[in-house]
>>> print(open('model34.cif').read())   # mmCIF, C-alpha atoms and all ligand atoms
data_run
#
loop_
_atom_site.label_atom_id
_atom_site.label_comp_id
_atom_site.auth_asym_id
_atom_site.auth_seq_id
_atom_site.Cartn_x
_atom_site.Cartn_y
_atom_site.Cartn_z
CA MET A 1 13.95 4.61 -6.57
CA ILE A 2 14.02 2.38 -3.47
CA ILE A 3 15.13 4.20 -0.31
CA SER A 4 15.93 3.42 3.34
CA ILE A 5 13.67 4.21 6.26
CA GLU A 6 16.08 6.93 7.50
CA LYS A 7 16.06 8.59 4.09
CA ALA A 8 12.25 8.33 3.98
CA ALA A 9 11.98 10.04 7.37
CA ASP A 10 14.29 12.85 6.15
CA ILE A 11 12.28 13.38 2.99
CA ILE A 12 9.00 13.52 4.95
CA LYS A 13 10.38 15.96 7.53
CA GLN A 14 11.62 18.21 4.73
CA GLY A 15 8.15 18.33 3.20
CA GLY A 16 8.53 15.67 0.52
CA ILE A 17 6.48 12.59 -0.35
CA VAL A 18 7.37 8.90 -0.17
CA ALA A 19 5.49 5.73 -1.15
CA ILE A 20 5.12 3.49 1.89
CA PRO A 21 4.07 -0.11 2.42
CA THR A 22 0.99 -0.97 4.47
CA GLU A 23 -0.83 -4.26 4.98
CA THR A 24 -3.71 -3.11 2.72
CA VAL A 25 -2.07 -1.31 -0.24
CA TYR A 26 0.93 1.01 -0.68
CA GLY A 27 0.26 4.65 0.29
CA LEU A 28 1.74 7.94 -0.93
CA ALA A 29 2.74 9.61 2.33
CA ALA A 30 3.45 13.12 3.57
CA ASP A 31 3.58 14.85 6.96
CA ALA A 32 -0.10 15.44 7.75
CA PHE A 33 0.67 18.83 9.26
CA GLN A 34 2.63 20.32 6.33
CA THR A 35 0.11 21.75 3.88
CA SER A 36 2.56 22.14 1.00
CA ALA A 37 3.73 18.53 1.41
CA VAL A 38 0.13 17.27 1.36
CA ASN A 39 -0.47 19.38 -1.72
CA LYS A 40 2.31 17.43 -3.48
CA ILE A 41 0.31 14.23 -2.94
CA PHE A 42 -2.70 15.69 -4.75
CA GLU A 43 -0.52 17.00 -7.60
CA THR A 44 1.48 13.80 -8.01
CA LYS A 45 -1.53 11.49 -7.98
CA GLY A 46 -3.74 13.81 -10.01
CA ARG A 47 -6.28 13.53 -7.18
CA PRO A 48 -9.37 15.81 -7.07
CA ALA A 49 -8.99 18.32 -4.21
CA ASP A 50 -12.43 17.46 -2.77
CA ASN A 51 -11.39 13.89 -1.93
CA PRO A 52 -10.10 13.76 1.68
CA LEU A 53 -7.12 11.70 2.88
CA ILE A 54 -6.64 9.17 5.67
CA VAL A 55 -4.14 10.09 8.42
CA HIS A 56 -1.93 7.22 9.63
CA ILE A 57 -0.73 6.96 13.23
CA SER A 58 1.62 4.58 15.04
CA ASP A 59 0.49 5.20 18.60
CA ILE A 60 -3.01 5.57 20.00
CA GLU A 61 -1.92 8.77 21.77
CA GLN A 62 -1.63 10.48 18.39
CA LEU A 63 -5.38 10.08 17.91
CA ASP A 64 -6.14 13.07 20.15
CA LEU A 65 -3.90 15.30 18.01
CA LEU A 66 -6.21 14.63 15.09
CA ALA A 67 -9.72 14.00 16.42
CA GLN A 68 -12.03 15.28 19.15
CA ASN A 69 -15.32 14.15 20.75
CA ILE A 70 -14.01 10.63 20.23
CA PRO A 71 -16.83 8.18 21.05
CA GLU A 72 -16.27 5.16 23.28
CA SER A 73 -17.00 2.92 20.29
CA ALA A 74 -13.91 4.30 18.52
CA ARG A 75 -11.73 3.47 21.52
CA LEU A 76 -13.10 -0.07 21.65
CA LEU A 77 -12.55 -0.58 17.92
CA ALA A 78 -9.03 0.81 18.08
CA GLU A 79 -8.22 -1.58 20.90
CA GLN A 80 -9.57 -4.51 18.91
CA PHE A 81 -8.53 -3.76 15.33
CA TRP A 82 -5.50 -1.45 15.44
CA PRO A 83 -2.99 -1.79 14.05
CA GLY A 84 -5.16 -3.02 11.16
CA PRO A 85 -7.32 -2.33 8.11
CA LEU A 86 -9.92 -0.05 9.74
CA SER A 87 -10.12 3.73 9.11
CA MET A 88 -12.42 5.66 11.43
CA VAL A 89 -14.01 8.98 10.47
CA LEU A 90 -14.20 11.23 13.54
CA ASP A 91 -14.70 14.92 14.36
CA ARG A 92 -11.43 16.63 13.46
CA GLN A 93 -9.19 18.79 15.56
CA ASN A 94 -9.00 22.31 14.12
CA SER A 95 -5.23 21.94 13.80
CA VAL A 96 -5.60 19.32 11.04
CA PRO A 97 -4.98 21.20 7.78
CA ASP A 98 -8.05 21.72 5.55
CA ILE A 99 -6.25 20.17 2.61
CA VAL A 100 -6.16 16.79 4.44
CA THR A 101 -9.91 16.68 5.11
CA ALA A 102 -10.92 18.48 1.89
CA GLY A 103 -12.56 21.07 4.12
CA LEU A 104 -14.77 18.53 5.96
CA GLN A 105 -15.27 18.81 9.72
CA THR A 106 -14.21 15.17 10.06
CA VAL A 107 -10.93 13.31 9.63
CA ALA A 108 -10.28 9.64 8.76
CA VAL A 109 -7.60 7.96 10.92
CA ARG A 110 -6.02 4.52 10.93
CA MET A 111 -3.04 2.67 12.38
CA PRO A 112 -1.59 0.42 9.66
CA ASN A 113 -0.39 -3.07 10.54
CA HIS A 114 3.01 -3.01 8.87
CA PRO A 115 6.29 -2.80 10.81
CA VAL A 116 7.99 -0.53 8.24
CA ALA A 117 5.05 1.90 8.15
CA LEU A 118 4.82 1.97 11.94
CA GLU A 119 8.54 2.68 12.28
CA LEU A 120 8.41 5.51 9.75
CA ILE A 121 5.33 7.04 11.39
CA SER A 122 7.02 6.92 14.77
CA LYS A 123 10.01 8.80 13.28
CA ALA A 124 8.15 11.31 11.09
CA GLY A 125 4.36 10.94 11.56
CA PRO A 126 1.43 11.27 11.69
CA LEU A 127 1.42 10.69 7.92
CA THR A 128 -1.41 11.34 5.56
CA ALA A 129 -1.52 8.81 2.72
CA PRO A 130 -3.95 7.89 -0.01
CA SER A 131 -3.35 4.73 -2.01
CA ALA A 132 -0.18 5.40 -4.03
CA ASN A 133 -1.66 4.74 -7.50
CA LYS A 134 -2.17 7.47 -10.09
CA SER A 135 -5.77 8.59 -9.62
CA GLY A 136 -8.20 6.13 -11.25
CA LEU A 137 -5.76 3.21 -11.61
CA PRO A 138 -5.74 0.06 -9.45
CA SER A 139 -4.17 0.57 -6.01
CA PRO A 140 -0.52 -0.54 -5.82
CA THR A 141 0.19 -3.73 -3.90
CA ARG A 142 3.85 -4.11 -5.00
CA PRO A 143 6.69 -1.56 -5.26
CA SER A 144 6.89 -2.23 -9.02
CA HIS A 145 3.34 -0.82 -9.43
CA ILE A 146 4.48 2.55 -8.09
CA ILE A 147 7.65 2.61 -10.17
CA GLU A 148 5.45 1.98 -13.21
CA ASP A 149 2.82 4.65 -12.35
CA TYR A 150 5.41 7.41 -11.79
CA GLU A 151 8.24 6.20 -14.02
CA GLY A 152 10.49 5.81 -11.00
CA LYS A 153 10.16 9.46 -9.94
CA VAL A 154 8.53 8.78 -6.56
CA PRO A 155 10.83 7.34 -3.87
CA VAL A 156 9.58 4.00 -2.55
CA LEU A 157 10.10 2.46 0.85
CA GLU A 158 10.15 -1.31 0.21
CA GLY A 159 7.94 -3.53 2.37
CA GLY A 160 7.13 -6.57 0.26
CA PRO A 161 3.76 -7.32 -1.36
CA SER A 162 0.77 -5.98 0.59
CA GLU A 163 -0.62 -8.68 2.83
CA ILE A 164 -4.34 -7.93 2.32
CA GLY A 165 -4.36 -6.28 -1.11
CA LEU A 166 -7.62 -4.29 -0.66
CA GLU A 167 -7.92 -0.85 0.99
CA SER A 168 -9.11 -0.48 4.58
CA THR A 169 -12.72 -0.45 5.72
CA VAL A 170 -13.84 3.19 6.17
CA LEU A 171 -16.24 3.52 9.12
CA ASP A 172 -17.96 6.82 9.85
CA LEU A 173 -18.34 7.32 13.61
CA SER A 174 -19.04 11.06 13.42
CA GLY A 175 -22.84 10.75 13.14
CA ASN A 176 -25.56 9.02 15.14
CA THR A 177 -25.25 5.62 13.48
CA PRO A 178 -21.89 3.99 12.73
CA THR A 179 -21.80 3.64 8.96
CA ILE A 180 -19.46 1.76 6.65
CA LEU A 181 -18.50 4.09 3.79
CA ARG A 182 -16.12 1.63 2.11
CA HIS A 183 -15.99 -2.15 2.52
CA GLY A 184 -12.71 -3.75 3.53
CA ALA A 185 -11.35 -6.67 5.53
CA ILE A 186 -13.07 -5.53 8.74
CA THR A 187 -16.78 -6.26 8.21
CA ALA A 188 -19.97 -4.76 9.68
CA ASP A 189 -20.50 -7.94 11.72
CA MET A 190 -17.01 -7.77 13.21
CA ILE A 191 -17.59 -4.11 14.17
CA GLN A 192 -21.07 -4.78 15.57
CA ASN A 193 -19.71 -7.56 17.75
CA ILE A 194 -17.33 -5.14 19.43
CA ILE A 195 -19.47 -2.05 19.85
CA ASN A 196 -22.89 -3.66 20.35
CA LEU A 197 -24.54 -1.06 18.15
CA PRO A 198 -26.18 -1.55 14.76
CA VAL A 199 -23.85 -0.68 11.89
CA GLU A 200 -25.23 0.70 8.66
CA GLU A 201 -23.71 -0.28 5.38
CA THR A 202 -23.54 2.49 2.97
CA ASN A 203 -25.78 2.71 -0.07
CA SER A 204 -24.52 4.58 -3.06
CA SER A 205 -26.38 7.85 -2.46
CA LEU A 206 -25.19 8.01 1.13
CA SER A 207 -21.61 7.24 0.21
CA LEU A 208 -21.71 9.97 -2.42
CA ARG A 209 -22.67 12.44 0.22
CA LYS A 210 -20.45 11.18 3.02
CA SER A 211 -17.34 9.85 1.31
CA PRO A 212 -16.43 11.98 -1.65
CA GLY A 213 -13.86 9.46 -2.85
CA THR A 214 -16.50 6.94 -3.78
CA ARG A 215 -17.76 9.30 -6.51
CA TYR A 216 -14.68 8.90 -8.65
CA THR A 217 -13.65 6.17 -11.04
CA HIS A 218 -11.36 3.72 -9.32
CA TYR A 219 -9.30 0.62 -9.72
CA LYS A 220 -9.58 0.57 -13.49
CA PRO A 221 -7.11 -1.28 -15.70
CA SER A 222 -7.15 -0.50 -19.44
CA ALA A 223 -8.77 -3.87 -20.10
CA SER A 224 -12.53 -3.98 -19.58
CA VAL A 225 -13.57 -5.89 -16.46
CA ARG A 226 -16.76 -7.99 -16.49
CA TRP A 227 -18.46 -10.50 -14.22
CA PHE A 228 -19.44 -13.92 -15.42
CA GLY A 229 -21.38 -16.77 -13.81
CA GLU A 230 -20.68 -20.45 -14.26
CA SER A 231 -23.40 -20.81 -16.88
CA ASP A 232 -21.66 -18.18 -19.05
CA VAL A 233 -18.32 -19.94 -19.11
CA GLU A 234 -17.53 -21.03 -22.62
CA THR A 235 -15.47 -24.15 -22.95
CA PRO A 236 -12.83 -24.11 -24.09
CA LEU A 237 -11.97 -20.75 -22.53
CA SER A 238 -10.92 -18.06 -24.96
CA PRO A 239 -7.15 -17.54 -25.31
CA ASP A 240 -7.89 -13.81 -25.75
CA ILE A 241 -9.51 -13.25 -22.35
CA TYR A 242 -7.86 -13.00 -18.91
CA TYR A 243 -9.89 -15.10 -16.43
CA LEU A 244 -10.08 -14.91 -12.65
CA PHE A 245 -11.86 -17.81 -10.91
CA HIS A 246 -12.24 -18.02 -7.18
CA THR A 247 -14.31 -21.18 -6.71
CA ASN A 248 -14.12 -23.16 -9.92
CA GLU A 249 -11.81 -26.15 -9.60
CA VAL A 250 -12.18 -27.52 -13.09
CA VAL A 251 -10.03 -25.11 -15.06
CA ASN A 252 -6.34 -25.61 -15.73
CA PRO A 253 -4.26 -22.58 -14.82
CA ALA A 254 -2.46 -20.75 -17.64
CA GLU A 255 -0.99 -17.29 -18.28
CA ASN A 256 -4.55 -16.01 -18.75
CA ILE A 257 -6.40 -18.38 -16.39
CA HIS A 258 -6.08 -18.02 -12.63
CA THR A 259 -7.97 -20.00 -10.04
CA TYR A 260 -8.13 -19.58 -6.27
CA ARG A 261 -10.27 -22.52 -5.16
CA GLY A 262 -12.02 -20.68 -2.35
CA ASN A 263 -8.92 -18.94 -1.03
CA LEU A 264 -10.26 -15.39 -1.09
CA GLU A 265 -7.34 -14.09 0.98
CA SER A 266 -4.97 -14.96 -1.86
CA PHE A 267 -7.47 -13.73 -4.44
CA ALA A 268 -7.68 -10.33 -2.70
CA ARG A 269 -3.90 -10.13 -2.36
CA ASP A 270 -3.44 -10.66 -6.10
CA LEU A 271 -6.49 -8.86 -7.56
CA PHE A 272 -4.94 -5.48 -8.40
CA ASP A 273 -1.74 -7.16 -9.58
CA HIS A 274 -3.84 -9.24 -12.00
CA PHE A 275 -5.49 -6.07 -13.33
CA ARG A 276 -2.07 -4.63 -14.10
CA THR A 277 -0.63 -7.89 -15.44
CA ALA A 278 -3.56 -8.35 -17.84
CA ASP A 279 -2.76 -4.90 -19.26
CA HIS A 280 0.95 -5.68 -19.61
CA LEU A 281 0.20 -8.89 -21.42
CA GLY A 282 -2.11 -7.07 -23.82
CA TYR A 283 -5.49 -8.59 -22.88
CA SER A 284 -8.44 -6.30 -23.57
CA GLN A 285 -10.96 -8.22 -21.43
CA ILE A 286 -10.86 -9.54 -17.87
CA LEU A 287 -13.66 -11.88 -16.76
CA VAL A 288 -14.12 -12.42 -13.03
CA GLU A 289 -16.24 -15.24 -11.64
CA SER A 290 -19.31 -13.84 -9.85
CA PHE A 291 -19.84 -14.25 -6.13
CA LYS A 292 -22.92 -16.04 -4.91
CA LYS A 293 -25.51 -13.73 -3.36
CA ASN A 294 -24.75 -13.32 0.35
CA ASP A 295 -21.40 -15.10 0.09
CA PRO A 296 -20.50 -15.19 3.79
CA HIS A 297 -16.72 -14.77 3.40
CA GLN A 298 -15.17 -11.83 5.26
CA LEU A 299 -13.66 -10.43 2.05
CA SER A 300 -16.47 -11.03 -0.43
CA LYS A 301 -18.15 -7.61 -0.06
CA ALA A 302 -14.89 -5.73 -0.43
CA LEU A 303 -13.88 -7.82 -3.42
CA ARG A 304 -17.28 -7.39 -5.07
CA ASP A 305 -17.13 -3.63 -4.48
CA ARG A 306 -13.67 -3.21 -6.07
CA ILE A 307 -14.53 -5.41 -9.06
CA ASN A 308 -17.85 -3.57 -9.56
CA ARG A 309 -16.08 -0.23 -9.67
CA ALA A 310 -13.42 -1.55 -12.02
CA SER A 311 -16.21 -2.71 -14.32
CA ASP A 312 -18.27 0.52 -14.38
O1 LIG A 401 -6.03 0.97 3.17
C1 LIG A 401 -6.14 2.18 2.98
O2 LIG A 401 -7.07 2.85 3.46
C2 LIG A 401 -5.08 2.86 2.10
C3 LIG A 401 -3.74 2.76 2.82
C4 LIG A 401 -2.64 3.51 2.12
O3 LIG A 401 -3.89 3.17 4.15
N1 LIG A 401 -5.44 4.22 1.83
C5 LIG A 401 -6.46 4.54 1.00
O4 LIG A 401 -6.62 5.89 0.84
O5 LIG A 401 -7.16 3.72 0.43
P1 LIG A 401 -7.52 6.54 -0.31
O6 LIG A 401 -7.24 7.98 -0.22
O7 LIG A 401 -7.23 5.87 -1.59
O8 LIG A 401 -8.99 6.29 0.15
C6 LIG A 401 -9.50 6.99 1.29
C7 LIG A 401 -11.01 6.91 1.30
C8 LIG A 401 -11.61 7.75 0.20
O9 LIG A 401 -12.76 7.08 -0.32
C9 LIG A 401 -12.01 9.04 0.94
O10 LIG A 401 -13.07 9.72 0.32
C10 LIG A 401 -12.39 8.48 2.30
O11 LIG A 401 -11.47 7.46 2.55
N2 LIG A 401 -12.26 9.49 3.36
C11 LIG A 401 -11.13 10.07 3.83
N3 LIG A 401 -11.41 11.02 4.75
C12 LIG A 401 -12.76 11.03 4.89
C13 LIG A 401 -13.67 11.78 5.69
N4 LIG A 401 -13.25 12.71 6.53
N5 LIG A 401 -14.99 11.51 5.56
C14 LIG A 401 -15.43 10.57 4.70
N6 LIG A 401 -14.62 9.81 3.91
C15 LIG A 401 -13.31 10.05 4.00
MG MG A 402 -7.38 5.17 -3.50
#
>>> encode(input="model34.cif", output="structure tokens", more="lines below")
Ligand code: TXA
Ligand code: MG
Amino acid sequence: MIISIEKAADIIKQGGIVAIPTETVYGLAADAFQTSAVNKIFETKGRPADNPLIVHISDIEQLDLLAQNIPESARLLAEQFWPGPLSMVLDRQNSVPDIVTAGLQTVAVRMPNHPVALELISKAGPLTAPSANKSGLPSPTRPSHIIEDYEGKVPVLEGGPSEIGLESTVLDLSGNTPTILRHGAITADMIQNIINLPVEETNSSLSLRKSPGTRYTHYKPSASVRWFGESDVETPLSPDIYYLFHTNEVVNPAENIHTYRGNLESFARDLFDHFRTADHLGYSQILVESFKKNDPHQLSKALRDRINRASD
């Protein structure tokens, strides 16, 4: 069911949940300060209770309602990258409900760069919102993905296809060293350039400890997802496999063959939609062209991370 922004604000204020557009992926939103509303998010998604949520704000002044001991680096990053695809993990205010942070002493906050989301947050926020997919499935980047996951039972605020298509970078600023817990469109280099401090990139054991969400299966279509390098490509390509190329220019596009010719922005925007489309069309295998080691593109780490998890 597609609803208006006024209706969405009413639902949120009355303790309900609404799917909302953001520039990264669609979120499933509730009033961050109503525990029973936040609980509906966990129930609806089937999300494990120990996986904390990101709180979305529309105005930098809302940050102090949520976080305390905010380091200067967070202020600098907010100035540079908000609204935008950066979530910062900070010491929480005690007033933030435990259900939002899964009992952690920290809270993740971001200001999304989408006019519809910002307007709704200014009417009814701050809003806590995980990606709006059913737990384990690819994140939704189109309203139709949400209608399909919940059979139309979750109201959706329409905002077009998500501009970026991959979830925000999660940066932990609550410890001594700024640490990226999840790769996204804002990279370690971009962060380092602003704060002039070394930024650690998470390894799997650290992310298990620090970001509970990374423990769970994610982004998985029903089809199996595998990497392949150019030497593995069989010619002719199999009609039974769904292919995603991002550099190869030789292939002819078809229903099951997609090529991005170096345009990783478009590739990222479409990735989760391809996962879902391959399932709808009945393919049981998706092959994704590997990235070169140390591919310098801003999105290559985030893309590699999502495809790796989908292929686990
Ligand atoms: O782009 C995005 O971030 C989207 C849109 C809707 O804003 N949201 C999103 O939320 O991807 P979700 O819940 O699917 O992923 C949030 C990630 C999880 O890996 C979670 O464990 C981590 O952020 N996280 C949230 N709060 C945290 C905290 N206090 N400490 C460490 N990690 C946290
Ligand atoms: Mg998610």
>>> residues_around(input="model34.cif", residues="range 145-159 of chain A", least_positions_apart="2", cutoff="9 Å", atoms="only C-alpha atoms", output="NGL selection string")
:A and (1-5 or 8 or 17-22 or 26 or 28 or 44-45 or 114-117 or 132-134 or 137 or 139-143 or 161-162 or 273 or 276)
>>> residues_around(input="model34.cif", residues="Leu77 in chain A", least_positions_apart="6", cutoff="8 Å", atoms="all atoms listed in the file", output="PyMOL selection string")
chain A and resi 191+194-195
>>> residues_around(input="model34.cif", residues="Pro126 in chain A", least_positions_apart="3", cutoff="10 Å", atoms="all atoms listed in the file", output="number ranges by chain")
A: 29-33, 55-59, 62-63, 65-66, 109, 111, 118, 120-123, 129
>>> residues_near_ligand(input="model34.cif", ligand="ligand LIG 401 (chain A)", cutoff="7 Å", atoms="all atoms listed in the file", output="CSV table (one decimal) with C-alpha atoms, in the frame of the given file")
chain,number,residue,atom,x,y,z
A,22,THR,CA,1.0,-1.0,4.5
A,24,THR,CA,-3.7,-3.1,2.7
A,25,VAL,CA,-2.1,-1.3,-0.2
A,26,TYR,CA,0.9,1.0,-0.7
A,27,GLY,CA,0.3,4.6,0.3
A,28,LEU,CA,1.7,7.9,-0.9
A,51,ASN,CA,-11.4,13.9,-1.9
A,52,PRO,CA,-10.1,13.8,1.7
A,53,LEU,CA,-7.1,11.7,2.9
A,54,ILE,CA,-6.6,9.2,5.7
A,85,PRO,CA,-7.3,-2.3,8.1
A,87,SER,CA,-10.1,3.7,9.1
A,89,VAL,CA,-14.0,9.0,10.5
A,101,THR,CA,-9.9,16.7,5.1
A,104,LEU,CA,-14.8,18.5,6.0
A,106,THR,CA,-14.2,15.2,10.1
A,107,VAL,CA,-10.9,13.3,9.6
A,108,ALA,CA,-10.3,9.6,8.8
A,112,PRO,CA,-1.6,0.4,9.7
A,129,ALA,CA,-1.5,8.8,2.7
A,130,PRO,CA,-4.0,7.9,0.0
A,131,SER,CA,-3.4,4.7,-2.0
A,132,ALA,CA,-0.2,5.4,-4.0
A,166,LEU,CA,-7.6,-4.3,-0.7
A,167,GLU,CA,-7.9,-0.8,1.0
A,168,SER,CA,-9.1,-0.5,4.6
A,169,THR,CA,-12.7,-0.4,5.7
A,170,VAL,CA,-13.8,3.2,6.2
A,172,ASP,CA,-18.0,6.8,9.8
A,181,LEU,CA,-18.5,4.1,3.8
A,182,ARG,CA,-16.1,1.6,2.1
A,210,LYS,CA,-20.4,11.2,3.0
A,211,SER,CA,-17.3,9.8,1.3
A,212,PRO,CA,-16.4,12.0,-1.6
A,213,GLY,CA,-13.9,9.5,-2.8
A,214,THR,CA,-16.5,6.9,-3.8
>>> closest_residue(input="model34.cif", among="A:Val251, A:Ile41, A:Val288, A:Glu61", to="ligand MG 402 (chain A)", atoms="all atoms listed in the file")
A:Ile41
>>> closest_residue(input="model34.cif", among="A:Glu265, A:Gly136, A:Asn69, A:Arg110", to="ligand MG 402 (chain A)", atoms="all atoms listed in the file")
A:Gly136
>>> closest_residue(input="model34.cif", among="A:Arg75, A:Lys220, A:Gln93, A:Ile60", to="ligand MG 402 (chain A)", atoms="only C-alpha atoms and all ligand atoms")
A:Lys220
>>> atom_distance(input="model34.cif", atom1="CA of Ala268 in chain A", atom2="CA of Ala74 in chain A")
26.5 Å
>>> closest_residue(input="model34.cif", among="A:Pro138, A:Pro178, A:Gly229, A:Gly16", to="ligand MG 402 (chain A)", atoms="only C-alpha atoms and all ligand atoms")
A:Pro138
>>> build_atoms(input="model34.cif", residues="range 161-180 of chain A", atoms="N, CA, C and O atoms", output="mmCIF file, in the frame of the given file")
data_model
loop_
_atom_site.group_PDB
_atom_site.id
_atom_site.type_symbol
_atom_site.label_atom_id
_atom_site.label_comp_id
_atom_site.auth_asym_id
_atom_site.auth_seq_id
_atom_site.Cartn_x
_atom_site.Cartn_y
_atom_site.Cartn_z
ATOM 1 N N PRO A 161 5.132 -7.432 -0.842
ATOM 2 C CA PRO A 161 3.760 -7.320 -1.360
ATOM 3 C C PRO A 161 2.787 -7.052 -0.207
ATOM 4 O O PRO A 161 2.989 -7.548 0.908
ATOM 5 N N SER A 162 1.743 -6.271 -0.472
ATOM 6 C CA SER A 162 0.770 -5.980 0.590
ATOM 7 C C SER A 162 0.026 -7.252 0.966
ATOM 8 O O SER A 162 -0.439 -7.994 0.111
ATOM 9 N N GLU A 163 -0.064 -7.455 2.262
ATOM 10 C CA GLU A 163 -0.620 -8.680 2.830
ATOM 11 C C GLU A 163 -2.108 -8.885 2.491
ATOM 12 O O GLU A 163 -2.535 -9.982 2.176
ATOM 13 N N ILE A 164 -2.887 -7.804 2.540
ATOM 14 C CA ILE A 164 -4.340 -7.930 2.320
ATOM 15 C C ILE A 164 -4.694 -7.640 0.863
ATOM 16 O O ILE A 164 -5.458 -8.376 0.246
ATOM 17 N N GLY A 165 -4.157 -6.560 0.307
ATOM 18 C CA GLY A 165 -4.360 -6.280 -1.110
ATOM 19 C C GLY A 165 -5.593 -5.455 -1.446
ATOM 20 O O GLY A 165 -5.789 -5.089 -2.600
ATOM 21 N N LEU A 166 -6.448 -5.160 -0.470
ATOM 22 C CA LEU A 166 -7.620 -4.290 -0.660
ATOM 23 C C LEU A 166 -7.550 -3.195 0.400
ATOM 24 O O LEU A 166 -7.118 -3.450 1.528
ATOM 25 N N GLU A 167 -8.016 -1.984 0.062
ATOM 26 C CA GLU A 167 -7.920 -0.850 0.990
ATOM 27 C C GLU A 167 -8.774 -1.099 2.235
ATOM 28 O O GLU A 167 -9.719 -1.878 2.223
ATOM 29 N N SER A 168 -8.449 -0.328 3.284
ATOM 30 C CA SER A 168 -9.110 -0.480 4.580
ATOM 31 C C SER A 168 -10.610 -0.223 4.508
ATOM 32 O O SER A 168 -11.098 0.515 3.647
ATOM 33 N N THR A 169 -11.321 -0.802 5.462
ATOM 34 C CA THR A 169 -12.720 -0.450 5.720
ATOM 35 C C THR A 169 -12.749 0.991 6.200
ATOM 36 O O THR A 169 -11.961 1.369 7.064
ATOM 37 N N VAL A 170 -13.659 1.818 5.641
ATOM 38 C CA VAL A 170 -13.840 3.190 6.170
ATOM 39 C C VAL A 170 -15.157 3.213 6.930
ATOM 40 O O VAL A 170 -16.222 2.944 6.355
ATOM 41 N N LEU A 171 -15.073 3.511 8.230
ATOM 42 C CA LEU A 171 -16.240 3.520 9.120
ATOM 43 C C LEU A 171 -16.459 4.931 9.636
ATOM 44 O O LEU A 171 -15.572 5.510 10.264
ATOM 45 N N ASP A 172 -17.634 5.477 9.386
ATOM 46 C CA ASP A 172 -17.960 6.820 9.850
ATOM 47 C C ASP A 172 -18.560 6.744 11.258
ATOM 48 O O ASP A 172 -19.639 6.177 11.438
ATOM 49 N N LEU A 173 -17.851 7.295 12.223
ATOM 50 C CA LEU A 173 -18.340 7.320 13.610
ATOM 51 C C LEU A 173 -18.683 8.749 14.029
ATOM 52 O O LEU A 173 -18.825 9.033 15.213
ATOM 53 N N SER A 174 -18.808 9.658 13.063
ATOM 54 C CA SER A 174 -19.040 11.060 13.420
ATOM 55 C C SER A 174 -20.528 11.393 13.532
ATOM 56 O O SER A 174 -20.894 12.444 14.027
ATOM 57 N N GLY A 175 -21.396 10.480 13.075
ATOM 58 C CA GLY A 175 -22.840 10.750 13.140
ATOM 59 C C GLY A 175 -23.505 9.897 14.202
ATOM 60 O O GLY A 175 -22.834 9.347 15.081
ATOM 61 N N ASN A 176 -24.840 9.776 14.118
ATOM 62 C CA ASN A 176 -25.560 9.020 15.140
ATOM 63 C C ASN A 176 -25.408 7.518 14.979
ATOM 64 O O ASN A 176 -25.348 6.793 15.961
ATOM 65 N N THR A 177 -25.340 7.064 13.728
ATOM 66 C CA THR A 177 -25.250 5.620 13.480
ATOM 67 C C THR A 177 -23.915 5.308 12.808
ATOM 68 O O THR A 177 -23.587 5.906 11.778
ATOM 69 N N PRO A 178 -23.137 4.390 13.391
ATOM 70 C CA PRO A 178 -21.890 3.990 12.730
ATOM 71 C C PRO A 178 -22.200 3.466 11.325
ATOM 72 O O PRO A 178 -23.091 2.634 11.164
ATOM 73 N N THR A 179 -21.479 3.978 10.347
ATOM 74 C CA THR A 179 -21.800 3.640 8.960
ATOM 75 C C THR A 179 -20.541 3.281 8.179
ATOM 76 O O THR A 179 -19.558 4.031 8.203
ATOM 77 N N ILE A 180 -20.593 2.153 7.506
ATOM 78 C CA ILE A 180 -19.460 1.760 6.650
ATOM 79 C C ILE A 180 -19.553 2.517 5.335
ATOM 80 O O ILE A 180 -20.541 2.417 4.618
#
